[in-house]
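Structure below is work_39.cif: mmCIF, C-alpha atoms.
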```cif
data_structure
#
loop_
_atom_site.label_atom_id
_atom_site.label_comp_id
_atom_site.auth_asym_id
_atom_site.auth_seq_id
_atom_site.Cartn_x
_atom_site.Cartn_y
_atom_site.Cartn_z
CA VAL K 1 0.00 0.00 0.00
CA GLY K 2 1.35 3.42 -0.95
CA GLN K 3 4.19 2.05 -3.05
CA GLU K 4 5.01 4.14 -6.13
CA LEU K 5 5.52 2.25 -9.36
CA VAL K 6 7.63 3.36 -12.31
CA ILE K 7 6.11 2.62 -15.71
CA PRO K 8 8.68 2.80 -18.53
CA GLY K 9 7.79 5.38 -21.15
CA VAL K 10 5.36 7.26 -18.92
CA THR K 11 6.58 10.58 -17.53
CA LEU K 12 5.36 12.41 -14.44
CA ARG K 13 3.93 15.08 -16.76
CA ASP K 14 1.92 12.37 -18.59
CA VAL K 15 0.48 11.16 -15.28
CA ALA K 16 -0.25 14.70 -14.07
CA GLU K 17 -2.07 15.54 -17.30
CA LEU K 18 -4.17 12.38 -17.07
CA ARG K 19 -5.05 13.14 -13.45
CA GLY K 20 -5.81 16.77 -14.27
CA GLN K 21 -3.00 18.05 -12.08
CA ILE K 22 -1.72 20.86 -14.25
CA HIS K 23 -2.02 24.46 -13.04
CA VAL K 24 -1.91 27.29 -15.56
CA VAL K 25 -0.28 30.37 -14.02
CA GLN K 26 -2.62 33.37 -13.87
CA SER K 27 -1.75 37.06 -13.65
CA GLY K 28 -0.64 38.05 -10.15
CA GLU K 29 0.08 34.52 -8.93
CA SER K 30 3.34 33.52 -7.27
CA LEU K 31 4.81 30.07 -6.82
CA SER K 32 4.25 30.29 -3.07
CA GLN K 33 0.55 31.11 -3.62
CA ILE K 34 0.17 28.23 -6.06
CA ALA K 35 1.93 25.81 -3.72
CA ALA K 36 -0.28 26.89 -0.81
CA LEU K 37 -3.40 26.48 -2.98
CA TYR K 38 -2.56 22.80 -3.50
CA GLY K 39 -1.04 22.18 -0.07
CA ILE K 40 2.43 21.36 -1.41
CA ASP K 41 5.91 22.63 -0.64
CA VAL K 42 7.08 25.47 -2.90
CA ASP K 43 10.55 23.91 -3.20
CA ASP K 44 8.97 20.67 -4.45
CA LEU K 45 6.93 22.63 -6.99
CA ILE K 46 10.09 24.38 -8.23
CA ALA K 47 12.08 21.14 -8.47
CA LEU K 48 9.33 19.14 -10.15
CA ASN K 49 8.86 21.80 -12.81
CA GLU K 50 12.61 22.44 -13.21
CA ILE K 51 12.14 26.17 -12.67
CA ALA K 52 15.49 27.93 -13.02
CA ASP K 53 14.32 31.34 -11.74
CA PRO K 54 11.38 31.15 -9.31
CA ASN K 55 10.95 34.92 -9.54
CA ALA K 56 10.34 34.84 -13.28
CA ILE K 57 7.29 32.64 -13.82
CA ARG K 58 5.06 33.74 -16.67
CA VAL K 59 1.32 33.91 -17.12
CA GLY K 60 0.16 30.85 -19.05
CA THR K 61 2.96 28.57 -17.86
CA GLU K 62 1.69 25.05 -17.16
CA LEU K 63 2.92 23.67 -13.86
CA ILE K 64 2.78 20.03 -12.78
CA ILE K 65 1.09 19.67 -9.40
CA ALA K 66 2.06 16.49 -7.57
CA GLU K 67 0.89 15.21 -4.22
#
```

In structure tokens, how does this file's structure come out?
Amino acid sequence: VGQELVIPGVTLRDVAELRGQIHVVQSGESLSQIAALYGIDVDDLIALNEIADPNAIRVGTELIIAE
């Protein structure tokens, strides 16, 4: 129970899209606000989405939201 399985050829983005866990950045949002909205750690959100500059997110960017 709770074990995570790796399925070859399926990326985390693929899984997130299938589960509907993509957030599209809206005007005025920050990564910390988005993380708080989903109850996740902002550092995890940054790492998962490979964000080089957390201060430069753009409106319309699709972010993977993982539990």

Could you give me, as a list in words, the residues that sit within 10 Å of (8.6, 22.0, -5.2) in the file's coordinates, counting all atoms listed in the file? Leu31, Ser32, Ala35, Ile40, Asp41, Val42, Asp43, Asp44, Leu45, Ile46, Ala47, Leu48, Asn49, Glu50, Ile51, Ile64, Ile65 and Ala66 of chain K

Nearest to Thr61 (chain K): which of K:His23, K:Gly28, K:Ala36, K:Val10 is it, counting all atoms listed in the file?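 Among K:His23, K:Gly28, K:Ala36, K:Val10, it is K:His23 that comes nearest to Thr61 (chain K).
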
Computed interatomic separation between CA of Leu37 (chain K) and CA of Arg13 (chain K) (Å):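 Separating CA of Leu37 (chain K) from CA of Arg13 (chain K) is a distance of 19.3 Å.
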
What would the file be for region 2-41 of chain K if you keep N, CA and C atoms and write it as a PDB file, in the first residue's frame?
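selection.pdb, freshly written:
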```
ATOM      1  N   GLY K   2       0.603   2.178  -0.893  1.00  0.00           N
ATOM      2  CA  GLY K   2       1.350   3.423  -0.952  1.00  0.00           C
ATOM      3  C   GLY K   2       2.620   3.357  -1.757  1.00  0.00           C
ATOM      4  N   GLN K   3       2.969   2.179  -2.266  1.00  0.00           N
ATOM      5  CA  GLN K   3       4.189   2.048  -3.053  1.00  0.00           C
ATOM      6  C   GLN K   3       4.012   2.731  -4.402  1.00  0.00           C
ATOM      7  N   GLU K   4       5.046   3.487  -4.838  1.00  0.00           N
ATOM      8  CA  GLU K   4       5.011   4.136  -6.134  1.00  0.00           C
ATOM      9  C   GLU K   4       5.665   3.234  -7.161  1.00  0.00           C
ATOM     10  N   LEU K   5       5.001   3.092  -8.295  1.00  0.00           N
ATOM     11  CA  LEU K   5       5.520   2.251  -9.358  1.00  0.00           C
ATOM     12  C   LEU K   5       6.018   3.120 -10.506  1.00  0.00           C
ATOM     13  N   VAL K   6       7.095   2.672 -11.149  1.00  0.00           N
ATOM     14  CA  VAL K   6       7.630   3.359 -12.314  1.00  0.00           C
ATOM     15  C   VAL K   6       7.206   2.575 -13.547  1.00  0.00           C
ATOM     16  N   ILE K   7       6.550   3.264 -14.478  1.00  0.00           N
ATOM     17  CA  ILE K   7       6.111   2.623 -15.707  1.00  0.00           C
ATOM     18  C   ILE K   7       6.980   3.173 -16.836  1.00  0.00           C
ATOM     19  N   PRO K   8       7.790   2.324 -17.457  1.00  0.00           N
ATOM     20  CA  PRO K   8       8.677   2.798 -18.529  1.00  0.00           C
ATOM     21  C   PRO K   8       7.888   3.502 -19.629  1.00  0.00           C
ATOM     22  N   GLY K   9       8.418   4.636 -20.070  1.00  0.00           N
ATOM     23  CA  GLY K   9       7.795   5.380 -21.151  1.00  0.00           C
ATOM     24  C   GLY K   9       6.707   6.343 -20.713  1.00  0.00           C
ATOM     25  N   VAL K  10       6.377   6.357 -19.425  1.00  0.00           N
ATOM     26  CA  VAL K  10       5.358   7.265 -18.917  1.00  0.00           C
ATOM     27  C   VAL K  10       6.040   8.271 -17.994  1.00  0.00           C
ATOM     28  N   THR K  11       5.938   9.539 -18.331  1.00  0.00           N
ATOM     29  CA  THR K  11       6.577  10.580 -17.532  1.00  0.00           C
ATOM     30  C   THR K  11       5.629  11.087 -16.455  1.00  0.00           C
ATOM     31  N   LEU K  12       6.180  11.809 -15.495  1.00  0.00           N
ATOM     32  CA  LEU K  12       5.365  12.406 -14.442  1.00  0.00           C
ATOM     33  C   LEU K  12       4.391  13.403 -15.051  1.00  0.00           C
ATOM     34  N   ARG K  13       4.823  14.134 -16.080  1.00  0.00           N
ATOM     35  CA  ARG K  13       3.927  15.081 -16.758  1.00  0.00           C
ATOM     36  C   ARG K  13       2.745  14.333 -17.380  1.00  0.00           C
ATOM     37  N   ASP K  14       3.006  13.177 -18.005  1.00  0.00           N
ATOM     38  CA  ASP K  14       1.921  12.375 -18.589  1.00  0.00           C
ATOM     39  C   ASP K  14       0.890  12.015 -17.521  1.00  0.00           C
ATOM     40  N   VAL K  15       1.366  11.558 -16.380  1.00  0.00           N
ATOM     41  CA  VAL K  15       0.480  11.157 -15.283  1.00  0.00           C
ATOM     42  C   VAL K  15      -0.298  12.365 -14.765  1.00  0.00           C
ATOM     43  N   ALA K  16       0.401  13.488 -14.582  1.00  0.00           N
ATOM     44  CA  ALA K  16      -0.252  14.696 -14.074  1.00  0.00           C
ATOM     45  C   ALA K  16      -1.347  15.165 -15.023  1.00  0.00           C
ATOM     46  N   GLU K  17      -1.070  15.120 -16.326  1.00  0.00           N
ATOM     47  CA  GLU K  17      -2.071  15.541 -17.303  1.00  0.00           C
ATOM     48  C   GLU K  17      -3.293  14.623 -17.262  1.00  0.00           C
ATOM     49  N   LEU K  18      -3.064  13.321 -17.132  1.00  0.00           N
ATOM     50  CA  LEU K  18      -4.173  12.377 -17.068  1.00  0.00           C
ATOM     51  C   LEU K  18      -5.011  12.572 -15.806  1.00  0.00           C
ATOM     52  N   ARG K  19      -4.351  12.951 -14.724  1.00  0.00           N
ATOM     53  CA  ARG K  19      -5.054  13.143 -13.453  1.00  0.00           C
ATOM     54  C   ARG K  19      -5.603  14.557 -13.317  1.00  0.00           C
ATOM     55  N   GLY K  20      -5.326  15.398 -14.325  1.00  0.00           N
ATOM     56  CA  GLY K  20      -5.814  16.773 -14.270  1.00  0.00           C
ATOM     57  C   GLY K  20      -5.044  17.638 -13.306  1.00  0.00           C
ATOM     58  N   GLN K  21      -3.786  17.298 -13.050  1.00  0.00           N
ATOM     59  CA  GLN K  21      -2.997  18.047 -12.084  1.00  0.00           C
ATOM     60  C   GLN K  21      -2.000  18.978 -12.766  1.00  0.00           C
ATOM     61  N   ILE K  22      -2.521  19.822 -13.615  1.00  0.00           N
ATOM     62  CA  ILE K  22      -1.718  20.860 -14.246  1.00  0.00           C
ATOM     63  C   ILE K  22      -2.351  22.194 -13.848  1.00  0.00           C
ATOM     64  N   HIS K  23      -1.531  23.128 -13.395  1.00  0.00           N
ATOM     65  CA  HIS K  23      -2.016  24.462 -13.037  1.00  0.00           C
ATOM     66  C   HIS K  23      -1.467  25.446 -14.054  1.00  0.00           C
ATOM     67  N   VAL K  24      -2.331  26.246 -14.624  1.00  0.00           N
ATOM     68  CA  VAL K  24      -1.907  27.294 -15.558  1.00  0.00           C
ATOM     69  C   VAL K  24      -1.771  28.588 -14.768  1.00  0.00           C
ATOM     70  N   VAL K  25      -0.570  29.161 -14.788  1.00  0.00           N
ATOM     71  CA  VAL K  25      -0.281  30.368 -14.018  1.00  0.00           C
ATOM     72  C   VAL K  25      -1.129  31.535 -14.518  1.00  0.00           C
ATOM     73  N   GLN K  26      -1.782  32.215 -13.575  1.00  0.00           N
ATOM     74  CA  GLN K  26      -2.616  33.371 -13.869  1.00  0.00           C
ATOM     75  C   GLN K  26      -1.901  34.654 -13.448  1.00  0.00           C
ATOM     76  N   SER K  27      -2.329  35.760 -13.982  1.00  0.00           N
ATOM     77  CA  SER K  27      -1.749  37.056 -13.647  1.00  0.00           C
ATOM     78  C   SER K  27      -1.812  37.298 -12.141  1.00  0.00           C
ATOM     79  N   GLY K  28      -0.706  37.721 -11.568  1.00  0.00           N
ATOM     80  CA  GLY K  28      -0.644  38.049 -10.150  1.00  0.00           C
ATOM     81  C   GLY K  28      -0.303  36.890  -9.232  1.00  0.00           C
ATOM     82  N   GLU K  29      -0.237  35.671  -9.766  1.00  0.00           N
ATOM     83  CA  GLU K  29       0.075  34.516  -8.928  1.00  0.00           C
ATOM     84  C   GLU K  29       1.580  34.371  -8.721  1.00  0.00           C
ATOM     85  N   SER K  30       1.940  33.854  -7.560  1.00  0.00           N
ATOM     86  CA  SER K  30       3.340  33.524  -7.270  1.00  0.00           C
ATOM     87  C   SER K  30       3.422  32.018  -7.023  1.00  0.00           C
ATOM     88  N   LEU K  31       4.635  31.499  -7.073  1.00  0.00           N
ATOM     89  CA  LEU K  31       4.810  30.071  -6.822  1.00  0.00           C
ATOM     90  C   LEU K  31       4.379  29.708  -5.406  1.00  0.00           C
ATOM     91  N   SER K  32       4.642  30.589  -4.453  1.00  0.00           N
ATOM     92  CA  SER K  32       4.249  30.285  -3.073  1.00  0.00           C
ATOM     93  C   SER K  32       2.725  30.254  -2.934  1.00  0.00           C
ATOM     94  N   GLN K  33       2.019  31.128  -3.647  1.00  0.00           N
ATOM     95  CA  GLN K  33       0.552  31.110  -3.619  1.00  0.00           C
ATOM     96  C   GLN K  33       0.010  29.829  -4.248  1.00  0.00           C
ATOM     97  N   ILE K  34       0.608  29.438  -5.367  1.00  0.00           N
ATOM     98  CA  ILE K  34       0.168  28.231  -6.064  1.00  0.00           C
ATOM     99  C   ILE K  34       0.420  27.001  -5.196  1.00  0.00           C
ATOM    100  N   ALA K  35       1.605  26.936  -4.596  1.00  0.00           N
ATOM    101  CA  ALA K  35       1.932  25.807  -3.723  1.00  0.00           C
ATOM    102  C   ALA K  35       0.948  25.726  -2.555  1.00  0.00           C
ATOM    103  N   ALA K  36       0.653  26.862  -1.938  1.00  0.00           N
ATOM    104  CA  ALA K  36      -0.281  26.890  -0.813  1.00  0.00           C
ATOM    105  C   ALA K  36      -1.682  26.455  -1.241  1.00  0.00           C
ATOM    106  N   LEU K  37      -2.087  26.849  -2.450  1.00  0.00           N
ATOM    107  CA  LEU K  37      -3.398  26.478  -2.978  1.00  0.00           C
ATOM    108  C   LEU K  37      -3.576  24.963  -3.026  1.00  0.00           C
ATOM    109  N   TYR K  38      -2.497  24.262  -3.372  1.00  0.00           N
ATOM    110  CA  TYR K  38      -2.561  22.805  -3.503  1.00  0.00           C
ATOM    111  C   TYR K  38      -2.012  22.065  -2.287  1.00  0.00           C
ATOM    112  N   GLY K  39      -1.546  22.809  -1.286  1.00  0.00           N
ATOM    113  CA  GLY K  39      -1.037  22.181  -0.073  1.00  0.00           C
ATOM    114  C   GLY K  39       0.272  21.439  -0.284  1.00  0.00           C
ATOM    115  N   ILE K  40       1.130  21.984  -1.151  1.00  0.00           N
ATOM    116  CA  ILE K  40       2.426  21.365  -1.413  1.00  0.00           C
ATOM    117  C   ILE K  40       3.544  22.335  -1.073  1.00  0.00           C
ATOM    118  N   ASP K  41       4.746  21.819  -0.969  1.00  0.00           N
ATOM    119  CA  ASP K  41       5.907  22.625  -0.638  1.00  0.00           C
ATOM    120  C   ASP K  41       6.387  23.372  -1.890  1.00  0.00           C
TER     121      ASP K  41
END
```
